[in-house]
$ cat start.cif   # mmCIF, C-alpha atoms (C1' of nucleotides)
data_final
loop_
_atom_site.label_atom_id
_atom_site.label_comp_id
_atom_site.auth_asym_id
_atom_site.auth_seq_id
_atom_site.Cartn_x
_atom_site.Cartn_y
_atom_site.Cartn_z
CA MET V 1 -22.91 -22.72 -5.06
CA ASN V 2 -19.67 -23.10 -6.89
CA ILE V 3 -16.60 -25.12 -6.04
CA SER V 4 -15.47 -22.75 -3.30
CA GLY V 5 -18.70 -23.29 -1.39
CA TYR V 6 -19.90 -19.75 -1.93
CA SER V 7 -22.97 -18.73 -3.89
CA LYS V 8 -22.54 -16.38 -6.81
CA THR V 9 -23.76 -13.45 -4.76
CA ALA V 10 -21.48 -14.36 -1.87
CA VAL V 11 -18.51 -14.34 -4.22
CA LYS V 12 -19.58 -10.98 -5.58
CA ILE V 13 -19.73 -9.66 -2.02
CA LEU V 14 -16.29 -11.02 -1.17
CA GLU V 15 -14.77 -9.59 -4.32
CA ALA V 16 -16.42 -6.24 -3.81
CA SER V 17 -15.32 -6.00 -0.21
CA LEU V 18 -11.65 -6.80 -0.77
CA PRO V 19 -10.61 -3.58 -2.52
CA LEU V 20 -12.52 -1.59 0.07
CA PHE V 21 -10.91 -3.34 3.04
CA ALA V 22 -7.51 -3.06 1.38
CA ALA V 23 -7.84 0.66 0.79
CA ARG V 24 -9.54 1.80 3.98
CA GLY V 25 -9.10 -0.99 6.51
CA TYR V 26 -11.70 -2.88 8.51
CA ASN V 27 -12.98 0.11 10.46
CA GLY V 28 -12.95 2.33 7.42
CA VAL V 29 -15.47 0.25 5.51
CA ALA V 30 -19.18 0.17 6.31
CA MET V 31 -21.45 -2.71 5.46
CA ARG V 32 -23.44 -0.15 3.50
CA ASP V 33 -20.35 0.59 1.37
CA ILE V 34 -19.89 -3.04 0.47
CA ALA V 35 -23.59 -3.49 -0.27
CA GLN V 36 -23.63 -0.44 -2.49
CA THR V 37 -20.64 -1.72 -4.47
CA VAL V 38 -22.38 -5.03 -5.03
CA GLY V 39 -25.65 -3.32 -5.89
CA ILE V 40 -27.77 -4.61 -3.00
CA THR V 41 -28.74 -3.25 0.38
CA ALA V 42 -26.84 -3.81 3.60
CA ALA V 43 -29.59 -6.04 4.98
CA ALA V 44 -29.12 -8.49 2.11
CA LEU V 45 -25.49 -9.03 3.08
CA TYR V 46 -26.69 -10.84 6.18
CA ASN V 47 -28.26 -13.56 4.04
CA HIS V 48 -24.73 -14.52 3.01
CA PHE V 49 -22.53 -13.64 5.97
CA SER V 50 -23.44 -13.64 9.62
CA GLY V 51 -21.81 -10.29 10.31
CA LYS V 52 -19.07 -7.89 9.39
CA GLU V 53 -16.34 -9.69 11.30
CA THR V 54 -16.92 -13.03 9.57
CA LEU V 55 -17.32 -11.32 6.22
CA TYR V 56 -13.92 -9.74 6.70
CA TYR V 57 -12.30 -12.98 7.75
CA GLN V 58 -13.81 -14.91 4.88
CA ALA V 59 -12.78 -12.19 2.48
CA LEU V 60 -9.20 -12.61 3.68
CA GLU V 61 -9.46 -16.38 3.28
CA TYR V 62 -10.79 -15.87 -0.21
CA ALA V 63 -8.04 -13.41 -1.12
CA PHE V 64 -5.27 -15.64 0.16
CA ALA V 65 -6.58 -18.91 -1.26
CA ASP V 66 -4.29 -20.54 -3.80
CA LYS V 67 -2.23 -17.40 -4.23
CA VAL V 68 0.93 -19.24 -3.41
CA ASP V 69 0.37 -22.85 -4.32
CA SER V 70 0.14 -22.36 -8.04
CA LEU V 71 3.44 -20.55 -8.16
CA SER V 72 5.54 -21.94 -5.38
CA SER V 73 5.70 -25.40 -6.94
CA GLU V 74 8.13 -24.09 -9.54
CA LEU V 75 10.52 -22.62 -7.02
CA HIS V 76 12.95 -25.46 -7.61
CA ALA V 77 12.92 -25.25 -11.39
CA SER V 78 16.52 -24.02 -11.52
CA PRO V 79 19.31 -26.50 -10.88
CA ASP V 80 21.79 -24.06 -9.34
CA PRO V 81 21.28 -22.16 -6.05
CA ASP V 82 21.73 -18.73 -7.63
CA GLY V 83 19.02 -19.49 -10.13
CA ARG V 84 16.72 -20.66 -7.38
CA LEU V 85 17.32 -17.42 -5.48
CA ARG V 86 16.37 -15.49 -8.59
CA ARG V 87 13.25 -17.64 -8.87
CA LEU V 88 12.30 -16.92 -5.27
CA ILE V 89 12.78 -13.18 -5.76
CA SER V 90 10.69 -13.24 -8.93
CA PHE V 91 8.10 -15.30 -7.12
CA TRP V 92 7.70 -12.74 -4.34
CA ILE V 93 7.63 -9.92 -6.87
CA GLU V 94 4.85 -11.66 -8.73
CA ILE V 95 2.87 -12.36 -5.55
CA LEU V 96 3.45 -9.06 -3.76
CA GLY V 97 4.10 -6.67 -6.58
CA GLY V 98 1.37 -7.77 -8.91
CA ASP V 99 -1.51 -7.52 -6.51
CA VAL V 100 -1.90 -4.23 -4.70
CA ILE V 101 -4.94 -5.49 -2.83
CA LEU V 102 -3.21 -8.56 -1.46
CA ARG V 103 -0.26 -6.42 -0.43
CA SER V 104 -2.41 -3.88 1.36
CA LEU V 105 -4.29 -6.59 3.18
CA LEU V 106 -1.03 -8.19 4.24
CA GLN V 107 0.30 -4.90 5.53
CA ARG V 108 -2.81 -4.14 7.50
CA GLU V 109 -2.85 -7.59 9.02
CA MET V 110 0.75 -7.28 10.11
CA SER V 111 -0.12 -4.01 11.85
CA ASP V 112 -3.25 -5.29 13.51
CA ALA V 113 -1.65 -8.46 14.87
CA ASP V 114 -4.83 -10.42 15.38
CA GLU V 115 -3.82 -13.95 16.34
CA GLN V 116 -6.39 -15.81 14.26
CA ARG V 117 -5.76 -13.75 11.17
CA LEU V 118 -1.99 -14.04 11.55
CA ARG V 119 -2.51 -17.80 11.50
CA LEU V 120 -4.32 -17.41 8.22
CA LEU V 121 -1.40 -15.49 6.74
CA LEU V 122 1.00 -18.14 7.95
CA ASP V 123 -0.98 -21.12 6.70
CA ARG V 124 -1.91 -19.69 3.32
CA ILE V 125 1.07 -17.56 2.36
CA PHE V 126 4.26 -17.81 4.34
CA MET V 127 4.44 -21.34 5.66
CA PRO V 128 3.95 -23.08 2.28
CA VAL V 129 6.70 -21.01 0.67
CA TYR V 130 8.97 -21.40 3.65
CA GLU V 131 8.65 -25.16 3.59
CA ARG V 132 9.30 -25.28 -0.11
CA CYS V 133 12.52 -23.29 -0.08
CA LYS V 134 14.03 -24.35 3.22
CA THR V 135 16.66 -26.50 1.53
CA THR V 136 17.41 -23.78 -1.00
CA MET V 137 17.94 -21.36 1.90
CA ALA V 138 20.37 -23.77 3.50
CA THR V 139 22.30 -24.12 0.26
CA LEU V 140 22.47 -20.37 -0.23
CA ALA V 141 23.35 -19.61 3.38
CA ARG V 142 26.17 -22.20 3.40
CA GLY V 143 26.34 -21.86 7.14
CA ARG V 144 27.61 -18.30 6.88
CA VAL V 145 24.33 -16.49 7.39
CA ASP V 146 21.27 -17.51 9.37
CA GLU V 147 18.86 -19.39 7.07
CA HIS V 148 15.80 -18.14 8.86
CA LEU V 149 16.92 -14.53 8.64
CA LEU V 150 17.93 -15.03 5.02
CA PHE V 151 14.42 -16.09 4.11
CA PHE V 152 13.04 -12.93 5.67
CA ALA V 153 15.73 -10.74 4.17
CA ILE V 154 14.68 -11.88 0.70
CA LEU V 155 11.00 -11.51 1.47
CA GLY V 156 11.62 -8.18 3.18
CA LEU V 157 13.60 -6.72 0.32
CA VAL V 158 10.77 -7.41 -2.10
CA LEU V 159 7.97 -6.45 0.25
CA SER V 160 9.57 -3.21 1.36
CA HIS V 161 10.37 -2.25 -2.20
CA PHE V 162 6.66 -2.06 -2.99
CA GLN V 163 5.64 -0.89 0.42
CA LEU V 164 8.01 2.06 0.33
CA THR V 165 7.07 3.05 -3.20
CA PRO V 166 5.03 6.10 -2.09
CA ILE V 167 8.13 7.34 -0.27
CA ARG V 168 10.57 6.24 -2.92
CA LYS V 169 8.77 8.04 -5.70
CA ARG V 170 8.96 11.30 -3.79
CA LEU V 171 12.68 11.24 -3.08
CA PRO V 172 15.26 12.50 -5.58
CA GLY V 173 16.90 9.83 -7.69
CA CYS V 174 13.81 7.85 -8.46
CA HIS V 175 13.53 6.37 -11.91
CA PRO V 176 10.76 4.71 -13.95
CA GLU V 177 12.98 1.63 -14.27
CA HIS V 178 12.61 1.09 -10.55
CA GLU V 179 9.05 -0.06 -11.15
CA ASP V 180 10.03 -2.70 -13.68
CA ALA V 181 9.71 -6.20 -12.25
CA GLU V 182 12.69 -7.69 -14.07
CA ARG V 183 15.01 -4.87 -13.17
CA ILE V 184 13.97 -4.99 -9.54
CA ALA V 185 14.59 -8.72 -9.52
CA ALA V 186 18.03 -8.29 -11.10
CA HIS V 187 18.96 -5.54 -8.67
CA LEU V 188 17.93 -7.53 -5.61
CA ALA V 189 19.55 -10.75 -6.82
CA ARG V 190 22.84 -8.99 -7.48
CA LEU V 191 22.76 -7.31 -4.07
CA LEU V 192 22.01 -10.57 -2.28
CA LEU V 193 24.44 -12.74 -4.20
CA TYR V 194 27.47 -10.51 -4.43
CA GLY V 195 26.92 -7.70 -1.97
CA LEU V 196 28.47 -4.27 -2.22
CA ASN V 197 32.05 -5.47 -1.95
CA GLY V 198 31.65 -8.58 -4.02
CA ASN V 199 32.85 -9.36 -7.50
CA ASP V 200 30.08 -10.13 -9.94
CA SER V 201 31.98 -9.64 -13.19
CA GLY V 202 30.64 -11.93 -15.85
CA HIS V 203 27.29 -12.39 -14.17
CA GLY V 204 25.52 -9.04 -14.75
CA MET D 1 2.59 26.79 26.71
CA ASN D 2 5.96 25.14 26.42
CA ILE D 3 8.59 25.36 23.73
CA SER D 4 6.63 23.24 21.26
CA GLY D 5 3.71 25.66 21.34
CA TYR D 6 1.39 23.21 23.07
CA SER D 7 -0.12 23.65 26.53
CA LYS D 8 0.58 20.98 29.12
CA THR D 9 -2.84 19.43 28.60
CA ALA D 10 -2.42 19.49 24.84
CA VAL D 11 0.84 17.58 25.17
CA LYS D 12 -0.82 15.08 27.47
CA ILE D 13 -3.52 14.59 24.86
CA LEU D 14 -1.01 14.11 22.05
CA GLU D 15 1.01 11.64 24.06
CA ALA D 16 -2.06 9.72 25.14
CA SER D 17 -3.42 9.50 21.62
CA LEU D 18 -0.25 8.21 19.95
CA PRO D 19 -0.23 4.68 21.40
CA LEU D 20 -3.92 4.38 20.64
CA PHE D 21 -3.60 5.50 17.04
CA ALA D 22 -0.55 3.27 16.61
CA ALA D 23 -2.34 0.19 17.92
CA ARG D 24 -5.78 0.60 16.41
CA GLY D 25 -5.47 3.14 13.61
CA TYR D 26 -7.34 6.36 13.03
CA ASN D 27 -10.78 4.82 12.67
CA GLY D 28 -10.21 2.44 15.54
CA VAL D 29 -9.80 5.19 18.10
CA ALA D 30 -12.68 7.29 19.42
CA MET D 31 -12.27 10.76 20.86
CA ARG D 32 -13.75 9.30 24.04
CA ASP D 33 -10.92 6.76 24.23
CA ILE D 34 -8.30 9.48 24.08
CA ALA D 35 -10.16 11.64 26.58
CA GLN D 36 -10.52 8.75 28.99
CA THR D 37 -6.80 8.00 28.80
CA VAL D 38 -6.01 11.61 29.62
CA GLY D 39 -8.62 11.70 32.35
CA ILE D 40 -10.99 14.28 30.89
CA THR D 41 -14.16 14.14 28.81
CA ALA D 42 -14.29 14.12 25.05
CA ALA D 43 -15.78 17.60 24.97
CA ALA D 44 -12.71 19.00 26.70
CA LEU D 45 -10.52 17.78 23.85
CA TYR D 46 -12.07 20.39 21.62
CA ASN D 47 -10.59 23.16 23.77
CA HIS D 48 -7.18 22.01 22.54
CA PHE D 49 -7.75 20.61 19.08
CA SER D 50 -10.35 21.66 16.53
CA GLY D 51 -11.32 18.06 15.68
CA LYS D 52 -10.20 14.50 15.39
CA GLU D 53 -8.51 14.93 12.04
CA THR D 54 -6.28 17.76 13.18
CA LEU D 55 -5.57 16.04 16.47
CA TYR D 56 -4.36 13.02 14.52
CA TYR D 57 -2.21 15.08 12.21
CA GLN D 58 -0.67 17.05 15.03
CA ALA D 59 -0.05 13.85 16.96
CA LEU D 60 1.88 12.55 13.96
CA GLU D 61 3.84 15.80 13.74
CA TYR D 62 4.60 15.52 17.43
CA ALA D 63 5.68 11.89 17.13
CA PHE D 64 7.95 12.53 14.18
CA ALA D 65 9.53 15.75 15.48
CA ASP D 66 13.27 15.52 16.03
CA LYS D 67 13.28 11.74 15.84
CA VAL D 68 15.86 11.75 13.11
CA ASP D 69 17.84 14.94 13.55
CA SER D 70 19.46 14.03 16.83
CA LEU D 71 20.79 10.77 15.45
CA SER D 72 21.39 11.32 11.78
CA SER D 73 24.10 13.89 12.39
CA GLU D 74 26.47 11.11 13.43
CA LEU D 75 25.93 9.06 10.32
CA HIS D 76 29.32 10.10 9.00
CA ALA D 77 31.24 9.31 12.17
CA SER D 78 33.08 6.41 10.54
CA PRO D 79 35.84 7.18 8.08
CA ASP D 80 35.43 4.08 5.88
CA PRO D 81 32.33 3.30 3.77
CA ASP D 82 31.73 -0.09 5.40
CA GLY D 83 31.67 1.52 8.82
CA ARG D 84 29.23 4.15 7.59
CA LEU D 85 26.97 1.43 6.23
CA ARG D 86 27.00 -0.22 9.65
CA ARG D 87 26.18 3.14 11.19
CA LEU D 88 23.25 3.64 8.87
CA ILE D 89 21.90 0.17 9.65
CA SER D 90 22.25 0.76 13.38
CA PHE D 91 20.60 4.13 12.95
CA TRP D 92 17.54 2.65 11.30
CA ILE D 93 17.41 -0.13 13.88
CA GLU D 94 17.45 2.46 16.63
CA ILE D 95 14.79 4.60 15.01
CA LEU D 96 12.51 1.84 13.76
CA GLY D 97 13.23 -0.98 16.15
CA GLY D 98 13.34 1.00 19.34
CA ASP D 99 9.99 2.68 19.01
CA VAL D 100 7.06 0.40 18.32
CA ILE D 101 4.66 3.33 18.22
CA LEU D 102 6.63 5.23 15.62
CA ARG D 103 6.93 2.08 13.54
CA SER D 104 3.23 1.32 13.68
CA LEU D 105 2.36 4.88 12.74
CA LEU D 106 4.75 4.72 9.81
CA GLN D 107 3.28 1.45 8.62
CA ARG D 108 -0.26 2.72 8.83
CA GLU D 109 0.64 5.90 6.99
CA MET D 110 2.27 3.95 4.19
CA SER D 111 -0.92 1.93 3.80
CA ASP D 112 -3.25 4.88 3.91
CA ALA D 113 -1.35 6.93 1.33
CA ASP D 114 -2.73 10.32 2.31
CA GLU D 115 -0.79 12.92 0.37
CA GLN D 116 -0.41 15.48 3.15
CA ARG D 117 0.67 12.92 5.71
CA LEU D 118 3.12 11.30 3.28
CA ARG D 119 4.71 14.72 2.96
CA LEU D 120 5.08 14.80 6.72
CA LEU D 121 6.88 11.45 6.67
CA LEU D 122 9.16 12.64 3.92
CA ASP D 123 10.03 15.97 5.52
CA ARG D 124 10.53 14.70 9.04
CA ILE D 125 11.95 11.23 8.58
CA PHE D 126 13.11 10.10 5.19
CA MET D 127 14.35 13.20 3.39
CA PRO D 128 16.72 14.35 6.15
CA VAL D 129 18.37 10.94 6.33
CA TYR D 130 18.47 10.60 2.58
CA GLU D 131 20.23 13.93 2.17
CA ARG D 132 22.73 13.07 4.86
CA CYS D 133 23.84 9.76 3.42
CA LYS D 134 23.60 10.42 -0.30
CA THR D 135 27.35 10.59 -0.72
CA THR D 136 27.82 7.49 1.42
CA MET D 137 25.37 5.69 -0.84
CA ALA D 138 27.36 6.72 -3.88
CA THR D 139 30.58 5.48 -2.32
CA LEU D 140 29.04 2.16 -1.38
CA ALA D 141 27.28 1.68 -4.70
CA ARG D 142 30.47 2.37 -6.67
CA GLY D 143 28.36 2.63 -9.80
CA ARG D 144 27.54 -1.06 -9.65
CA VAL D 145 24.15 -0.79 -8.01
CA ASP D 146 21.58 1.97 -8.15
CA GLU D 147 22.18 4.39 -5.26
CA HIS D 148 18.54 5.21 -4.87
CA LEU D 149 17.56 1.57 -4.70
CA LEU D 150 20.43 0.85 -2.34
CA PHE D 151 19.14 3.40 0.13
CA PHE D 152 15.76 1.73 0.12
CA ALA D 153 17.23 -1.76 0.27
CA ILE D 154 19.00 -0.85 3.51
CA LEU D 155 15.95 0.87 4.93
CA GLY D 156 13.72 -1.95 3.74
CA LEU D 157 15.84 -4.69 5.27
CA VAL D 158 15.62 -3.06 8.68
CA LEU D 159 11.98 -2.02 8.42
CA SER D 160 10.78 -5.38 7.16
CA HIS D 161 12.74 -7.21 9.84
CA PHE D 162 10.61 -5.59 12.52
CA GLN D 163 7.47 -5.50 10.46
CA LEU D 164 7.58 -9.21 9.74
CA THR D 165 8.37 -10.15 13.33
CA PRO D 166 4.84 -11.49 14.03
CA ILE D 167 5.29 -13.84 11.07
CA ARG D 168 8.93 -14.59 11.74
CA LYS D 169 8.31 -15.65 15.30
CA ARG D 170 5.74 -18.18 14.19
CA LEU D 171 7.85 -19.91 11.57
CA PRO D 172 10.27 -22.72 12.43
CA GLY D 173 13.87 -21.66 12.83
CA CYS D 174 13.24 -18.53 14.82
CA HIS D 175 15.68 -17.72 17.58
CA PRO D 176 15.80 -15.22 20.47
CA GLU D 177 19.02 -13.82 19.03
CA HIS D 178 17.04 -12.57 16.06
CA GLU D 179 15.61 -9.88 18.29
CA ASP D 180 18.97 -8.56 19.41
CA ALA D 181 19.76 -5.21 17.82
CA GLU D 182 23.50 -5.78 17.45
CA ARG D 183 23.12 -9.22 15.92
CA ILE D 184 20.54 -7.97 13.47
CA ALA D 185 22.85 -5.15 12.50
CA ALA D 186 25.78 -7.53 12.02
CA HIS D 187 23.66 -9.92 9.96
CA LEU D 188 22.35 -7.21 7.67
CA ALA D 189 25.73 -5.53 7.26
CA ARG D 190 27.36 -8.83 6.31
CA LEU D 191 24.63 -9.62 3.83
CA LEU D 192 24.82 -6.20 2.21
CA LEU D 193 28.59 -5.94 2.12
CA TYR D 194 29.59 -9.42 1.04
CA GLY D 195 26.45 -11.08 -0.22
CA LEU D 196 25.84 -14.79 -0.28
CA ASN D 197 28.68 -15.59 -2.66
CA GLY D 198 31.14 -13.11 -1.26
CA ASN D 199 34.24 -13.66 0.82
CA ASP D 200 34.13 -11.99 4.20
CA SER D 201 36.92 -13.91 5.88
CA GLY D 202 38.60 -11.75 8.43
CA HIS D 203 35.71 -9.38 8.78
CA GLY D 204 33.08 -11.36 10.68
"C1'" DG E 1 -10.83 24.72 30.83
"C1'" DT E 2 -13.87 21.20 32.15
"C1'" DC E 3 -18.26 19.55 32.83
"C1'" DT E 4 -23.28 17.73 31.45
"C1'" DA E 5 -26.46 17.46 28.02
"C1'" DT E 6 -27.55 16.92 23.51
"C1'" DA E 7 -27.64 17.38 18.67
"C1'" DA E 8 -26.65 15.09 14.26
"C1'" DA E 9 -24.79 11.61 11.64
"C1'" DG E 10 -23.03 7.00 10.95
"C1'" DG E 11 -22.95 2.17 11.40
"C1'" DG E 12 -24.13 -2.88 12.67
"C1'" DA E 13 -27.85 -5.61 12.80
"C1'" DT E 14 -32.87 -7.35 12.75
"C1'" DA E 15 -38.07 -7.77 11.49
"C1'" DG E 16 -41.22 -8.65 8.36
"C1'" DA E 17 -43.36 -7.82 3.73
"C1'" DC E 18 -42.72 -9.33 -0.92
"C1'" DG U 1 -32.95 -13.60 -1.43
"C1'" DT U 2 -33.91 -8.76 -1.46
"C1'" DC U 3 -36.35 -4.97 -0.01
"C1'" DT U 4 -38.00 -1.07 3.39
"C1'" DA U 5 -38.18 0.37 7.82
"C1'" DT U 6 -36.28 0.59 12.01
"C1'" DC U 7 -33.72 -0.32 16.31
"C1'" DC U 8 -29.97 0.77 19.04
"C1'" DC U 9 -25.60 1.91 19.87
"C1'" DT U 10 -21.42 4.64 18.82
"C1'" DT U 11 -19.18 8.71 17.47
"C1'" DT U 12 -18.07 13.47 16.30
"C1'" DA U 13 -19.04 17.79 17.62
"C1'" DT U 14 -21.46 21.81 19.87
"C1'" DA U 15 -24.06 24.62 23.59
"C1'" DG U 16 -24.09 26.46 27.74
"C1'" DA U 17 -23.54 26.10 32.90
"C1'" DC U 18 -19.85 26.28 36.26
#

$ encode --input "start.cif" --output "structure tokens"
Amino acid sequence: MNISGYSKTAVKILEASLPLFAARGYNGVAMRDIAQTVGITAAALYNHFSGKETLYYQALEYAFADKVDSLSSELHASPDPDGRLRRLISFWIEILGGDVILRSLLQREMSDADEQRLRLLLDRIFMPVYERCKTTMATLARGRVDEHLLFFAILGLVLSHFQLTPIRKRLPGCHPEHEDAERIAAHLARLLLYGLNGNDSGHG
Amino acid sequence: MNISGYSKTAVKILEASLPLFAARGYNGVAMRDIAQTVGITAAALYNHFSGKETLYYQALEYAFADKVDSLSSELHASPDPDGRLRRLISFWIEILGGDVILRSLLQREMSDADEQRLRLLLDRIFMPVYERCKTTMATLARGRVDEHLLFFAILGLVLSHFQLTPIRKRLPGCHPEHEDAERIAAHLARLLLYGLNGNDSGHG
DNA sequence: GTCTATAAAGGGATAGAC
DNA sequence: GTCTATCCCTTTATAGAC
């Protein structure tokens, strides 16, 4: 038993199952697969988790725990709104871009639309960030765009960038620089702040 | 045999399987489920398709056929770049927002990352649109943003809007208007054209 | 072309020895 | 807490009658 309440073996099981669930989805992973990855038999899994469903749910809980809290506290580090937008973009890039497993799990959960698991996503990922940058959204929106939609536009731009990578890399015009976190952040910030018709001279 | 090369029963099978695959994914759908929806037995499916894998692939082909061609030809209907951007946004909203099955299939395919099926997505959906609005992208980008990334920013804003709807609807600040196609289009066009710091007086 | 019957494999879960 | 053995159900796919 460690601080998370899981035994060492239970943690090994959770950590072994996550890449499998991320890559092949709930139905694509057999208890035998997880057991084999850990190095035990399927029967032994049931000493730690009551069944596949709860194992999956607890694996999600484990994957989403503390992902956001450690980072989102520094969302307000910049004094000006533009800087805080850049921080938020970088934050999402770090969360979503840096962890292919988390991203895959998120995507699968948004497709599956299970109520309980959507709650988990909300409580552990989206709600904490939303609460923390609500005022920043209002400042940025300045009453000219919808704050709620703005939050999801920022999130969506980052999420879709990574999500569409398999497509993006296969279309003409792709470039290695498009995978660089800082350049992506700069590109998205410029687009959001100044738009296509805006004037950003002196800021680039 | 009709024009698509499929018998009437084969078409019924394809059309019955698509909502199932969209909702529950490849592994979540049994041949029995599809057969039952059509009103035949699972064994009879094999008179029309050699196996589950090919049925799935051909269902995708069927779902993606002609989705884009009919619409994307009018992408250039507007003479000015801003109008063409609005057209492109509305086009994606129509394609992605209007068809929950197509959208779910797309999402699942982007998670699964099967090479052959990614090719299908490219050939039937993304490449045709990309080719048709390459010059519009260049005009809009005006050398100040990356054209390739701009294409995916537009696509991503629309796609993620619908994809994140389950989350969006559960966060404070949501509004019924956020589901209205025209308002979404206006919001995204304004954001892309003028940005958060831009001046759009006289355009909104 | 569809049916019933069935093979063959896979997968979740349990019993009981150690 | 893990193992082997096994149960039981599901699932893909085929065989052969109609």

$ closest_residue --input "start.cif" --among "V:Leu71, V:Thr54, V:Leu85, V:Asn47" --to "Thr139 of chain V" --atoms "only C-alpha atoms"
V:Leu85

$ interface_residues --input "start.cif" --of "chain V" --to "chain E" --cutoff "9 Å" --atoms "all atoms listed in the file" --output "number ranges by chain"
V: 30-32, 43, 46, 51-52

$ resolve_selection --input "start.cif" --expression "the PyMOL selection byres ((chain U) within 8 of (chain D))" --output "list in words"
DT11, DT12 and DA13 of chain U

$ axis_aligned_box --input "start.cif" --around "segment 187-195 of chain V" --padding-each-side "3 Å" --output "JSON"
{"center_x": 22.7, "center_y": -9.1, "center_z": -5.3, "size_x": 15.5, "size_y": 13.2, "size_z": 12.7}

$ residues_around --input "start.cif" --residues "Ala59 of chain V" --least-positions-apart "2" --cutoff "12 Å" --atoms "only C-alpha atoms (C1' of nucleotides)" --output "PyMOL selection string"
chain V and resi 6+10-22+26+34+49+52-57+61-65+101-102+105+117+120

$ write_last_selection --input "start.cif" --atoms "C-alpha atoms" --output "short mmCIF file (atom, residue, chain, number, x, y, z; two decimals), keeping the file's coordinate frame"
data_model
loop_
_atom_site.label_atom_id
_atom_site.label_comp_id
_atom_site.auth_asym_id
_atom_site.auth_seq_id
_atom_site.Cartn_x
_atom_site.Cartn_y
_atom_site.Cartn_z
CA TYR V 6 -19.90 -19.75 -1.93
CA ALA V 10 -21.48 -14.36 -1.87
CA VAL V 11 -18.51 -14.34 -4.22
CA LYS V 12 -19.58 -10.98 -5.58
CA ILE V 13 -19.73 -9.66 -2.02
CA LEU V 14 -16.29 -11.02 -1.17
CA GLU V 15 -14.77 -9.59 -4.32
CA ALA V 16 -16.42 -6.24 -3.81
CA SER V 17 -15.32 -6.00 -0.21
CA LEU V 18 -11.65 -6.80 -0.77
CA PRO V 19 -10.61 -3.58 -2.52
CA LEU V 20 -12.52 -1.59 0.07
CA PHE V 21 -10.91 -3.34 3.04
CA ALA V 22 -7.51 -3.06 1.38
CA TYR V 26 -11.70 -2.88 8.51
CA ILE V 34 -19.89 -3.04 0.47
CA PHE V 49 -22.53 -13.64 5.97
CA LYS V 52 -19.07 -7.89 9.39
CA GLU V 53 -16.34 -9.69 11.30
CA THR V 54 -16.92 -13.03 9.57
CA LEU V 55 -17.32 -11.32 6.22
CA TYR V 56 -13.92 -9.74 6.70
CA TYR V 57 -12.30 -12.98 7.75
CA GLU V 61 -9.46 -16.38 3.28
CA TYR V 62 -10.79 -15.87 -0.21
CA ALA V 63 -8.04 -13.41 -1.12
CA PHE V 64 -5.27 -15.64 0.16
CA ALA V 65 -6.58 -18.91 -1.26
CA ILE V 101 -4.94 -5.49 -2.83
CA LEU V 102 -3.21 -8.56 -1.46
CA LEU V 105 -4.29 -6.59 3.18
CA ARG V 117 -5.76 -13.75 11.17
CA LEU V 120 -4.32 -17.41 8.22
#

$ atom_distance --input "start.cif" --atom1 "atom CA of Glu179 of chain V" --atom2 "atom CA of Leu188 of chain D"
24.1 Å

$ resolve_selection --input "start.cif" --expression "the PyMOL selection byres ((chain D) within 6 of (chain V))" --output "list in words"
Asn27, His148, Gly156, Leu157, Ser160, Gly173, Leu192, Leu193, Tyr194, Gly195, Leu196, Asn197 and Gly198 of chain D

$ atom_distance --input "start.cif" --atom1 "atom CA of Lys8 of chain D" --atom2 "atom CA of Gly39 of chain D"
13.5 Å
